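These notes concern the structure reproduced below.
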Number of protein chains: 2
Amino acid sequence: MNEELMKKFSNPQDCPVRNVVDRIGDKWSMLVLLLLAEEKVLRFNEIHKYIGTISQKMLAVTLKSLESDGLVNRTVYPQIPPKVEYQLTSRGKSLLPHLQKLVSWAKDNMNDIQTSRQNFIQTDD
Amino acid sequence: MNEELMKKFSNPQDCPVRNVVDRIGDKWSMLVLLLLAEEKVLRFNEIHKYIGTISQKMLAVTLKSLESDGLVNRTVYPQIPPKVEYQLTSRGKSLLPHLQKLVSWAKDNMNDIQTSRQNFIQTDD
DNA sequence: CTGCATCCTCAACGATACTG
DNA sequence: CAGTATCGTTGAGGATGCAG
């Protein structure tokens, strides 16, 4: 056994992998980030319309979490009715190329993966 | 509203983003893939030892799911006690550089993110 | 050794109603 | 418009025991 790897993979704290998974592994974060990457600035309800299947609650939770990590910026215009705009921070922008690579990998491999999944029959011998 | 983006983000099916999230967004898949990237070939129990906190059940579930998607190869040696080895397929290897980029991004930004998270106080005005 | 079966828990998520 | 509050559901994940 490799001692270095033991440290890297056995320790739940200080594990960058878990950091990534906790960040973009939830149901909506990655979607919101990629949407903001394309539209630059969006209001709460605009995001909601783009991602039709997200609930208002989860959108609020997701945005707040992204904001608290400094990936997304929240700008409030003090007017009635209120207007709030969201956009990527520089830190958020620095993450996005990697997410986009992942997406393009997924596009390239989606079909193969799905046929693999269908052809997958337990071969236990 | 941008019609192209509507299609991309509103449709749960055919969405590469969901594909990615479903694949590596679970608690263990990414960790297993990265471990196999470093050690090339590992037995069930070796993976289990490296990732000390994963349960036997979840390791089995994770490996089976990765195998069914053609990302990991499973080789059974018909002997008693049984011996089973896991390694990345070429498809799995093609995904890994992107995961490693994500991890290195996480390493670079972990500290900043954590301080952001601590300094984050609701600024609702 | 490498799993599968079973039961159980908890947190993510969703639906709905309400507010400044 | 942009959320919060509340309640209910569901499924991912963990613990334990058993099997080939």
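Starting from 1 in every chain, residues are counted up; chains themselves are A, B, ... following the order of the structure tokens, and ligands are numbered from 1 as listed.
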Inset, instruction - Could you give me, as a PyMOL selection string, the residues within 9 Å of stretch 2-12 of chain D, counting only C-alpha atoms (C1' of nucleotides) and dropping anything in the same chain fewer than 3 positions from it? - result: (chain A and resi 44-45+56-57+60+81-84) or (chain B and resi 26-27) or (chain C and resi 13-19)
Could you write those residues out with N, CA, C and O atoms (P, O5', C5', C4', C3', O3' and C1' of nucleotides), as a compact mmCIF listing (two decimals), in the first residue's frame?
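So part10.txt came out as:
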# COMPACT_ATOMS: atom_id res chain seq x y z
N PHE A 44 -33.03 36.65 -10.54
CA PHE A 44 -33.53 35.43 -9.91
C PHE A 44 -34.56 34.71 -10.79
O PHE A 44 -34.42 33.53 -11.11
N ASN A 45 -35.54 35.44 -11.20
CA ASN A 45 -36.62 34.82 -11.97
C ASN A 45 -36.19 34.39 -13.37
O ASN A 45 -36.78 33.48 -13.95
N GLN A 56 -38.38 27.13 -6.48
CA GLN A 56 -37.94 28.43 -5.98
C GLN A 56 -37.03 28.25 -4.77
O GLN A 56 -35.99 28.91 -4.65
N LYS A 57 -37.41 27.34 -3.92
CA LYS A 57 -36.62 27.12 -2.71
C LYS A 57 -35.21 26.67 -3.04
O LYS A 57 -34.24 27.23 -2.53
N ALA A 60 -33.01 29.36 -4.48
CA ALA A 60 -32.53 30.27 -3.44
C ALA A 60 -31.39 29.63 -2.65
O ALA A 60 -30.35 30.26 -2.40
N PRO A 81 -40.89 46.80 -7.26
CA PRO A 81 -40.48 45.52 -6.68
C PRO A 81 -38.97 45.32 -6.76
O PRO A 81 -38.34 45.90 -7.64
N PRO A 82 -38.42 44.51 -5.86
CA PRO A 82 -36.97 44.34 -5.80
C PRO A 82 -36.40 43.75 -7.07
O PRO A 82 -37.09 43.09 -7.85
N LYS A 83 -35.13 44.02 -7.27
CA LYS A 83 -34.41 43.46 -8.42
C LYS A 83 -33.06 42.98 -7.93
O LYS A 83 -32.32 43.71 -7.29
N VAL A 84 -32.78 41.72 -8.19
CA VAL A 84 -31.53 41.13 -7.74
C VAL A 84 -30.86 40.46 -8.92
O VAL A 84 -31.49 39.69 -9.65
N ASP B 26 -22.17 11.73 -7.11
CA ASP B 26 -22.44 10.95 -5.91
C ASP B 26 -21.23 10.98 -4.99
O ASP B 26 -20.19 11.52 -5.32
N LYS B 27 -21.38 10.37 -3.84
CA LYS B 27 -20.39 10.58 -2.79
C LYS B 27 -19.03 9.95 -3.08
O LYS B 27 -18.00 10.42 -2.58
P DC C 13 -29.96 18.36 -3.40
O5' DC C 13 -31.51 18.42 -3.71
C5' DC C 13 -32.21 17.19 -3.98
C4' DC C 13 -33.68 17.35 -3.77
C3' DC C 13 -34.30 18.61 -4.39
O3' DC C 13 -34.96 18.22 -5.59
C1' DC C 13 -35.30 18.00 -2.29
P DG C 14 -35.83 19.31 -6.38
O5' DG C 14 -37.25 19.15 -5.71
C5' DG C 14 -37.88 17.87 -5.72
C4' DG C 14 -39.33 18.00 -5.29
C3' DG C 14 -40.08 19.17 -5.91
O3' DG C 14 -41.40 18.73 -6.25
C1' DG C 14 -40.14 19.37 -3.55
P DA C 15 -42.44 19.75 -6.95
O5' DA C 15 -43.42 20.15 -5.75
C5' DA C 15 -43.93 19.14 -4.88
C4' DA C 15 -45.13 19.67 -4.10
C3' DA C 15 -45.90 20.79 -4.80
O3' DA C 15 -47.29 20.67 -4.50
C1' DA C 15 -44.90 21.63 -2.82
P DT C 16 -48.34 21.74 -5.12
O5' DT C 16 -48.55 22.74 -3.90
C5' DT C 16 -48.75 22.23 -2.59
C4' DT C 16 -48.71 23.35 -1.58
C3' DT C 16 -49.39 24.65 -2.03
O3' DT C 16 -50.51 24.91 -1.19
C1' DT C 16 -47.30 25.06 -0.95
P DA C 17 -51.47 26.23 -1.52
O5' DA C 17 -51.01 27.22 -0.35
C5' DA C 17 -50.82 26.71 0.97
C4' DA C 17 -50.10 27.76 1.82
C3' DA C 17 -50.65 29.18 1.65
O3' DA C 17 -50.93 29.74 2.93
C1' DA C 17 -48.31 29.16 1.37
P DC C 18 -51.64 31.21 3.03
O5' DC C 18 -50.43 32.18 3.43
C5' DC C 18 -49.62 31.87 4.56
C4' DC C 18 -48.34 32.69 4.53
C3' DC C 18 -48.57 34.21 4.41
O3' DC C 18 -48.03 34.86 5.54
C1' DC C 18 -46.86 33.46 2.92
P DT C 19 -48.25 36.51 5.74
O5' DT C 19 -46.85 37.14 5.31
C5' DT C 19 -45.67 36.87 6.07
C4' DT C 19 -44.50 37.65 5.48
C3' DT C 19 -44.77 39.16 5.33
O3' DT C 19 -43.65 39.88 5.79
C1' DT C 19 -44.02 38.25 3.28
Distance cut-off 8 Å, counting only C-alpha atoms (C1' of nucleotides) - which residues of chain C neighbour chain B? Return them as a PDB file with N, CA, C and O atoms (P, O5', C5', C4', C3', O3' and C1' of nucleotides), in the first residue's frame.
ATOM      1  P    DC C   1      -9.678 -11.156   3.486  1.00  0.00           P
ATOM      2  O5'  DC C   1     -10.122 -12.119   2.251  1.00  0.00           O
ATOM      3  C5'  DC C   1      -9.268 -12.103   1.133  1.00  0.00           C
ATOM      4  C4'  DC C   1     -10.095 -12.072  -0.121  1.00  0.00           C
ATOM      5  C3'  DC C   1     -10.731 -10.714  -0.440  1.00  0.00           C
ATOM      6  O3'  DC C   1     -10.632 -10.497  -1.858  1.00  0.00           O
ATOM      7  C1'  DC C   1     -12.441 -12.340  -0.163  1.00  0.00           C
ATOM      8  P    DT C   2     -11.076  -9.033  -2.463  1.00  0.00           P
ATOM      9  O5'  DT C   2     -12.595  -9.302  -2.848  1.00  0.00           O
ATOM     10  C5'  DT C   2     -12.891 -10.245  -3.865  1.00  0.00           C
ATOM     11  C4'  DT C   2     -14.382 -10.403  -4.013  1.00  0.00           C
ATOM     12  C3'  DT C   2     -15.159  -9.089  -4.235  1.00  0.00           C
ATOM     13  O3'  DT C   2     -16.100  -9.287  -5.270  1.00  0.00           O
ATOM     14  C1'  DT C   2     -16.140 -10.297  -2.495  1.00  0.00           C
ATOM     15  P    DG C   3     -16.706  -7.964  -6.009  1.00  0.00           P
ATOM     16  O5'  DG C   3     -17.475  -7.183  -4.851  1.00  0.00           O
ATOM     17  C5'  DG C   3     -18.868  -7.022  -4.992  1.00  0.00           C
ATOM     18  C4'  DG C   3     -19.592  -8.233  -4.417  1.00  0.00           C
ATOM     19  C3'  DG C   3     -21.062  -7.998  -4.139  1.00  0.00           C
ATOM     20  O3'  DG C   3     -21.812  -8.401  -5.277  1.00  0.00           O
ATOM     21  C1'  DG C   3     -19.986  -9.297  -2.429  1.00  0.00           C
TER      22       DG C   3
END
Inset, instruction - Hey, list the chain B side of the contact with chain A: 7 Å cut-off, only C-alpha atoms, answer as a PyMOL selection string. - result: chain B and resi 6+9-10+16-17+19-21+25-26+31+50-53+68-70+98+101-103+106-107+113+116-117+120
Legend entry - Within 10 Å of chain B: residues of chain D, using only C-alpha atoms (C1' of nucleotides), as JSON, numbers by chain: {"D": [12, 13, 14, 15, 20]}
Could you find all residues in chain A that DSSP calls helix (DSSP H, G or I) from the backbone, and write them as a PDB file with C-alpha atoms, in the first residue's frame?
ATOM      1  CA  GLU A   3       1.330   5.617   2.254  1.00  0.00           C
ATOM      2  CA  GLU A   4       0.966   8.897   0.429  1.00  0.00           C
ATOM      3  CA  LEU A   5      -2.228   7.764  -1.204  1.00  0.00           C
ATOM      4  CA  MET A   6      -3.566   6.525   2.102  1.00  0.00           C
ATOM      5  CA  LYS A   7      -3.369  10.035   3.454  1.00  0.00           C
ATOM      6  CA  LYS A   8      -4.908  11.487   0.328  1.00  0.00           C
ATOM      7  CA  PHE A   9      -7.922   9.231   0.174  1.00  0.00           C
ATOM      8  CA  SER A  10      -8.632   8.099   3.679  1.00  0.00           C
ATOM      9  CA  PRO A  16      -9.954  18.364  -2.316  1.00  0.00           C
ATOM     10  CA  VAL A  17     -12.011  15.652  -3.935  1.00  0.00           C
ATOM     11  CA  ARG A  18     -14.725  15.980  -1.341  1.00  0.00           C
ATOM     12  CA  ASN A  19     -14.550  19.733  -1.735  1.00  0.00           C
ATOM     13  CA  VAL A  20     -15.305  19.417  -5.413  1.00  0.00           C
ATOM     14  CA  VAL A  21     -18.035  16.878  -4.930  1.00  0.00           C
ATOM     15  CA  ASP A  22     -19.683  18.882  -2.189  1.00  0.00           C
ATOM     16  CA  ARG A  23     -19.555  21.958  -4.382  1.00  0.00           C
ATOM     17  CA  ILE A  24     -20.809  20.787  -7.763  1.00  0.00           C
ATOM     18  CA  SER A  29     -25.056  24.152  -8.659  1.00  0.00           C
ATOM     19  CA  MET A  30     -23.302  23.131 -11.828  1.00  0.00           C
ATOM     20  CA  LEU A  31     -26.329  23.969 -13.924  1.00  0.00           C
ATOM     21  CA  VAL A  32     -26.583  27.446 -12.430  1.00  0.00           C
ATOM     22  CA  LEU A  33     -22.875  28.110 -12.881  1.00  0.00           C
ATOM     23  CA  LEU A  34     -22.944  27.059 -16.516  1.00  0.00           C
ATOM     24  CA  LEU A  35     -26.001  29.142 -17.174  1.00  0.00           C
ATOM     25  CA  LEU A  36     -24.374  32.223 -15.668  1.00  0.00           C
ATOM     26  CA  ALA A  37     -21.312  31.503 -17.774  1.00  0.00           C
ATOM     27  CA  GLU A  38     -23.412  31.957 -20.894  1.00  0.00           C
ATOM     28  CA  GLU A  39     -25.676  34.806 -19.903  1.00  0.00           C
ATOM     29  CA  PHE A  44     -33.527  35.425  -9.913  1.00  0.00           C
ATOM     30  CA  ASN A  45     -36.622  34.820 -11.975  1.00  0.00           C
ATOM     31  CA  GLU A  46     -34.682  34.621 -15.203  1.00  0.00           C
ATOM     32  CA  ILE A  47     -32.626  31.748 -13.851  1.00  0.00           C
ATOM     33  CA  HIS A  48     -35.830  30.191 -12.668  1.00  0.00           C
ATOM     34  CA  LYS A  49     -37.303  30.369 -16.144  1.00  0.00           C
ATOM     35  CA  TYR A  50     -34.222  28.945 -17.808  1.00  0.00           C
ATOM     36  CA  GLN A  56     -37.936  28.428  -5.976  1.00  0.00           C
ATOM     37  CA  LYS A  57     -36.624  27.116  -2.708  1.00  0.00           C
ATOM     38  CA  MET A  58     -33.767  25.115  -4.213  1.00  0.00           C
ATOM     39  CA  LEU A  59     -32.769  27.995  -6.446  1.00  0.00           C
ATOM     40  CA  ALA A  60     -32.526  30.271  -3.439  1.00  0.00           C
ATOM     41  CA  VAL A  61     -30.556  27.669  -1.488  1.00  0.00           C
ATOM     42  CA  THR A  62     -28.219  26.982  -4.410  1.00  0.00           C
ATOM     43  CA  LEU A  63     -27.537  30.637  -5.109  1.00  0.00           C
ATOM     44  CA  LYS A  64     -26.886  31.399  -1.470  1.00  0.00           C
ATOM     45  CA  SER A  65     -24.445  28.543  -1.222  1.00  0.00           C
ATOM     46  CA  LEU A  66     -22.623  29.609  -4.371  1.00  0.00           C
ATOM     47  CA  GLU A  67     -22.523  33.151  -3.079  1.00  0.00           C
ATOM     48  CA  SER A  68     -21.158  32.114   0.282  1.00  0.00           C
ATOM     49  CA  SER A  90     -13.575  35.857 -10.899  1.00  0.00           C
ATOM     50  CA  ARG A  91     -13.238  32.755  -8.763  1.00  0.00           C
ATOM     51  CA  GLY A  92     -16.361  31.336 -10.317  1.00  0.00           C
ATOM     52  CA  LYS A  93     -15.030  32.151 -13.761  1.00  0.00           C
ATOM     53  CA  SER A  94     -11.811  30.323 -12.974  1.00  0.00           C
ATOM     54  CA  LEU A  95     -13.780  27.169 -12.222  1.00  0.00           C
ATOM     55  CA  LEU A  96     -15.900  27.246 -15.306  1.00  0.00           C
ATOM     56  CA  PRO A  97     -13.516  26.066 -17.995  1.00  0.00           C
ATOM     57  CA  HIS A  98     -13.123  22.829 -16.085  1.00  0.00           C
ATOM     58  CA  LEU A  99     -16.861  22.355 -15.813  1.00  0.00           C
ATOM     59  CA  GLN A 100     -17.254  23.001 -19.506  1.00  0.00           C
ATOM     60  CA  LYS A 101     -14.632  20.389 -20.294  1.00  0.00           C
ATOM     61  CA  LEU A 102     -16.610  17.935 -18.243  1.00  0.00           C
ATOM     62  CA  VAL A 103     -19.778  18.770 -20.097  1.00  0.00           C
ATOM     63  CA  SER A 104     -18.165  18.389 -23.455  1.00  0.00           C
ATOM     64  CA  TRP A 105     -16.731  15.038 -22.362  1.00  0.00           C
ATOM     65  CA  ALA A 106     -20.232  14.024 -21.356  1.00  0.00           C
ATOM     66  CA  LYS A 107     -21.609  15.076 -24.722  1.00  0.00           C
ATOM     67  CA  ASP A 108     -18.991  13.008 -26.517  1.00  0.00           C
ATOM     68  CA  ASN A 109     -19.559   9.933 -24.376  1.00  0.00           C
ATOM     69  CA  MET A 110     -23.251  10.065 -23.538  1.00  0.00           C
ATOM     70  CA  ASN A 111     -24.337   7.655 -26.210  1.00  0.00           C
ATOM     71  CA  ASP A 112     -21.584   5.136 -25.622  1.00  0.00           C
ATOM     72  CA  ILE A 113     -22.265   5.186 -21.920  1.00  0.00           C
ATOM     73  CA  GLN A 114     -25.948   4.600 -22.420  1.00  0.00           C
ATOM     74  CA  THR A 115     -25.406   1.623 -24.681  1.00  0.00           C
ATOM     75  CA  SER A 116     -22.846   0.281 -22.210  1.00  0.00           C
ATOM     76  CA  ARG A 117     -25.425   0.613 -19.509  1.00  0.00           C
ATOM     77  CA  GLN A 118     -28.008  -1.249 -21.533  1.00  0.00           C
ATOM     78  CA  ASN A 119     -25.636  -4.021 -22.529  1.00  0.00           C
TER      79      ASN A 119
END
Legend entry - DSSP-assigned strand (DSSP E or B) among chain B, expressed as a ChimeraX atom specification: /B:42-43,72-77,83-88
The selected residues should be written to file as a short mmCIF file (atom, residue, chain, number, x, y, z; two decimals), in the first residue's frame (atoms: all heavy atoms).
data_model
loop_
_atom_site.label_atom_id
_atom_site.label_comp_id
_atom_site.auth_asym_id
_atom_site.auth_seq_id
_atom_site.Cartn_x
_atom_site.Cartn_y
_atom_site.Cartn_z
N LEU B 42 -6.41 -2.41 -8.72
CA LEU B 42 -6.65 -2.60 -7.29
C LEU B 42 -7.72 -3.65 -7.05
O LEU B 42 -8.67 -3.77 -7.82
CB LEU B 42 -7.08 -1.27 -6.65
CG LEU B 42 -6.01 -0.22 -6.39
CD1 LEU B 42 -6.64 1.05 -5.87
CD2 LEU B 42 -4.96 -0.74 -5.40
N ARG B 43 -7.55 -4.38 -5.99
CA ARG B 43 -8.57 -5.33 -5.57
C ARG B 43 -9.61 -4.62 -4.73
O ARG B 43 -9.38 -3.53 -4.21
CB ARG B 43 -7.93 -6.47 -4.76
CG ARG B 43 -6.91 -7.25 -5.54
CD ARG B 43 -6.33 -8.35 -4.71
NE ARG B 43 -7.37 -9.30 -4.27
CZ ARG B 43 -7.09 -10.43 -3.64
NH1 ARG B 43 -5.84 -10.77 -3.38
NH2 ARG B 43 -8.07 -11.23 -3.27
N VAL B 72 -14.89 1.54 -15.70
CA VAL B 72 -14.02 0.68 -14.91
C VAL B 72 -14.17 -0.75 -15.38
O VAL B 72 -15.27 -1.19 -15.72
CB VAL B 72 -14.37 0.80 -13.41
CG1 VAL B 72 -13.85 -0.39 -12.63
CG2 VAL B 72 -13.82 2.10 -12.83
N ASN B 73 -13.07 -1.44 -15.41
CA ASN B 73 -13.09 -2.83 -15.82
C ASN B 73 -12.97 -3.75 -14.61
O ASN B 73 -12.21 -3.48 -13.70
CB ASN B 73 -11.92 -3.08 -16.78
CG ASN B 73 -12.15 -4.32 -17.59
OD1 ASN B 73 -11.89 -5.41 -17.11
ND2 ASN B 73 -12.65 -4.16 -18.80
N ARG B 74 -13.73 -4.82 -14.64
CA ARG B 74 -13.74 -5.76 -13.51
C ARG B 74 -13.26 -7.11 -13.97
O ARG B 74 -13.82 -7.71 -14.89
CB ARG B 74 -15.18 -5.86 -12.97
CG ARG B 74 -15.37 -6.81 -11.81
CD ARG B 74 -16.80 -6.66 -11.29
NE ARG B 74 -17.06 -7.52 -10.15
CZ ARG B 74 -17.57 -8.75 -10.26
NH1 ARG B 74 -17.84 -9.25 -11.44
NH2 ARG B 74 -17.78 -9.47 -9.17
N THR B 75 -12.21 -7.60 -13.33
CA THR B 75 -11.64 -8.89 -13.71
C THR B 75 -11.74 -9.86 -12.53
O THR B 75 -11.23 -9.59 -11.44
CB THR B 75 -10.15 -8.73 -14.09
OG1 THR B 75 -10.02 -7.68 -15.03
CG2 THR B 75 -9.63 -10.03 -14.68
N VAL B 76 -12.39 -10.98 -12.79
CA VAL B 76 -12.59 -11.97 -11.73
C VAL B 76 -11.63 -13.14 -11.94
O VAL B 76 -11.58 -13.72 -13.03
CB VAL B 76 -14.03 -12.50 -11.74
CG1 VAL B 76 -14.24 -13.49 -10.60
CG2 VAL B 76 -15.01 -11.35 -11.64
N TYR B 77 -10.88 -13.48 -10.91
CA TYR B 77 -10.02 -14.66 -10.96
C TYR B 77 -10.75 -15.79 -10.24
O TYR B 77 -10.97 -15.71 -9.03
CB TYR B 77 -8.68 -14.38 -10.30
CG TYR B 77 -7.88 -13.32 -11.02
CD1 TYR B 77 -8.06 -11.98 -10.72
CD2 TYR B 77 -6.97 -13.67 -12.01
CE1 TYR B 77 -7.34 -11.00 -11.39
CE2 TYR B 77 -6.24 -12.70 -12.69
CZ TYR B 77 -6.43 -11.37 -12.37
OH TYR B 77 -5.72 -10.41 -13.03
N LYS B 83 -10.73 -13.45 -6.05
CA LYS B 83 -9.89 -12.27 -6.24
C LYS B 83 -10.46 -11.48 -7.41
O LYS B 83 -10.68 -12.03 -8.49
CB LYS B 83 -8.46 -12.71 -6.54
CG LYS B 83 -7.53 -11.59 -6.95
CD LYS B 83 -6.11 -12.12 -7.19
CE LYS B 83 -5.21 -11.06 -7.80
NZ LYS B 83 -3.86 -11.59 -8.09
N VAL B 84 -10.74 -10.23 -7.16
CA VAL B 84 -11.33 -9.39 -8.19
C VAL B 84 -10.51 -8.12 -8.32
O VAL B 84 -10.21 -7.48 -7.31
CB VAL B 84 -12.79 -9.03 -7.85
CG1 VAL B 84 -13.40 -8.16 -8.94
CG2 VAL B 84 -13.62 -10.30 -7.66
N GLU B 85 -10.16 -7.79 -9.54
CA GLU B 85 -9.35 -6.59 -9.75
C GLU B 85 -10.12 -5.55 -10.57
O GLU B 85 -10.89 -5.90 -11.46
CB GLU B 85 -8.05 -6.95 -10.47
CG GLU B 85 -7.07 -7.69 -9.59
CD GLU B 85 -5.76 -7.97 -10.33
OE1 GLU B 85 -5.75 -7.88 -11.56
OE2 GLU B 85 -4.77 -8.27 -9.66
N TYR B 86 -9.85 -4.30 -10.24
CA TYR B 86 -10.50 -3.20 -10.94
C TYR B 86 -9.46 -2.28 -11.55
O TYR B 86 -8.41 -2.04 -10.94
CB TYR B 86 -11.38 -2.41 -9.98
CG TYR B 86 -12.56 -3.19 -9.46
CD1 TYR B 86 -12.46 -3.93 -8.29
CD2 TYR B 86 -13.75 -3.19 -10.15
CE1 TYR B 86 -13.55 -4.66 -7.81
CE2 TYR B 86 -14.83 -3.91 -9.69
CZ TYR B 86 -14.72 -4.64 -8.53
OH TYR B 86 -15.80 -5.36 -8.07
N GLN B 87 -9.76 -1.81 -12.74
CA GLN B 87 -8.88 -0.82 -13.37
C GLN B 87 -9.70 0.04 -14.31
O GLN B 87 -10.80 -0.33 -14.72
CB GLN B 87 -7.75 -1.50 -14.12
CG GLN B 87 -8.23 -2.47 -15.18
CD GLN B 87 -7.09 -3.28 -15.78
OE1 GLN B 87 -6.05 -2.74 -16.08
NE2 GLN B 87 -7.31 -4.57 -15.93
N LEU B 88 -9.16 1.20 -14.64
CA LEU B 88 -9.85 2.10 -15.55
C LEU B 88 -9.90 1.53 -16.95
O LEU B 88 -8.93 0.92 -17.42
CB LEU B 88 -9.14 3.46 -15.58
CG LEU B 88 -9.15 4.27 -14.29
CD1 LEU B 88 -8.37 5.57 -14.50
CD2 LEU B 88 -10.56 4.57 -13.84
#
Inset, instruction - Go ahead and compute the interatomic distance for atom CA of A:Gln13 and atom C1' of C:DC10, in Å to one decimal. - result: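 Straight-line distance from atom CA of A:Gln13 to atom C1' of C:DC10 works out to 20.9 Å.
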Inset, instruction - Quote the spacing between atom C1' of C:DA5 and atom C1' of D:DC18 in Å to one decimal place. - result: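 If I compute the distance from atom C1' of C:DA5 to atom C1' of D:DC18, I get 8.1 Å.
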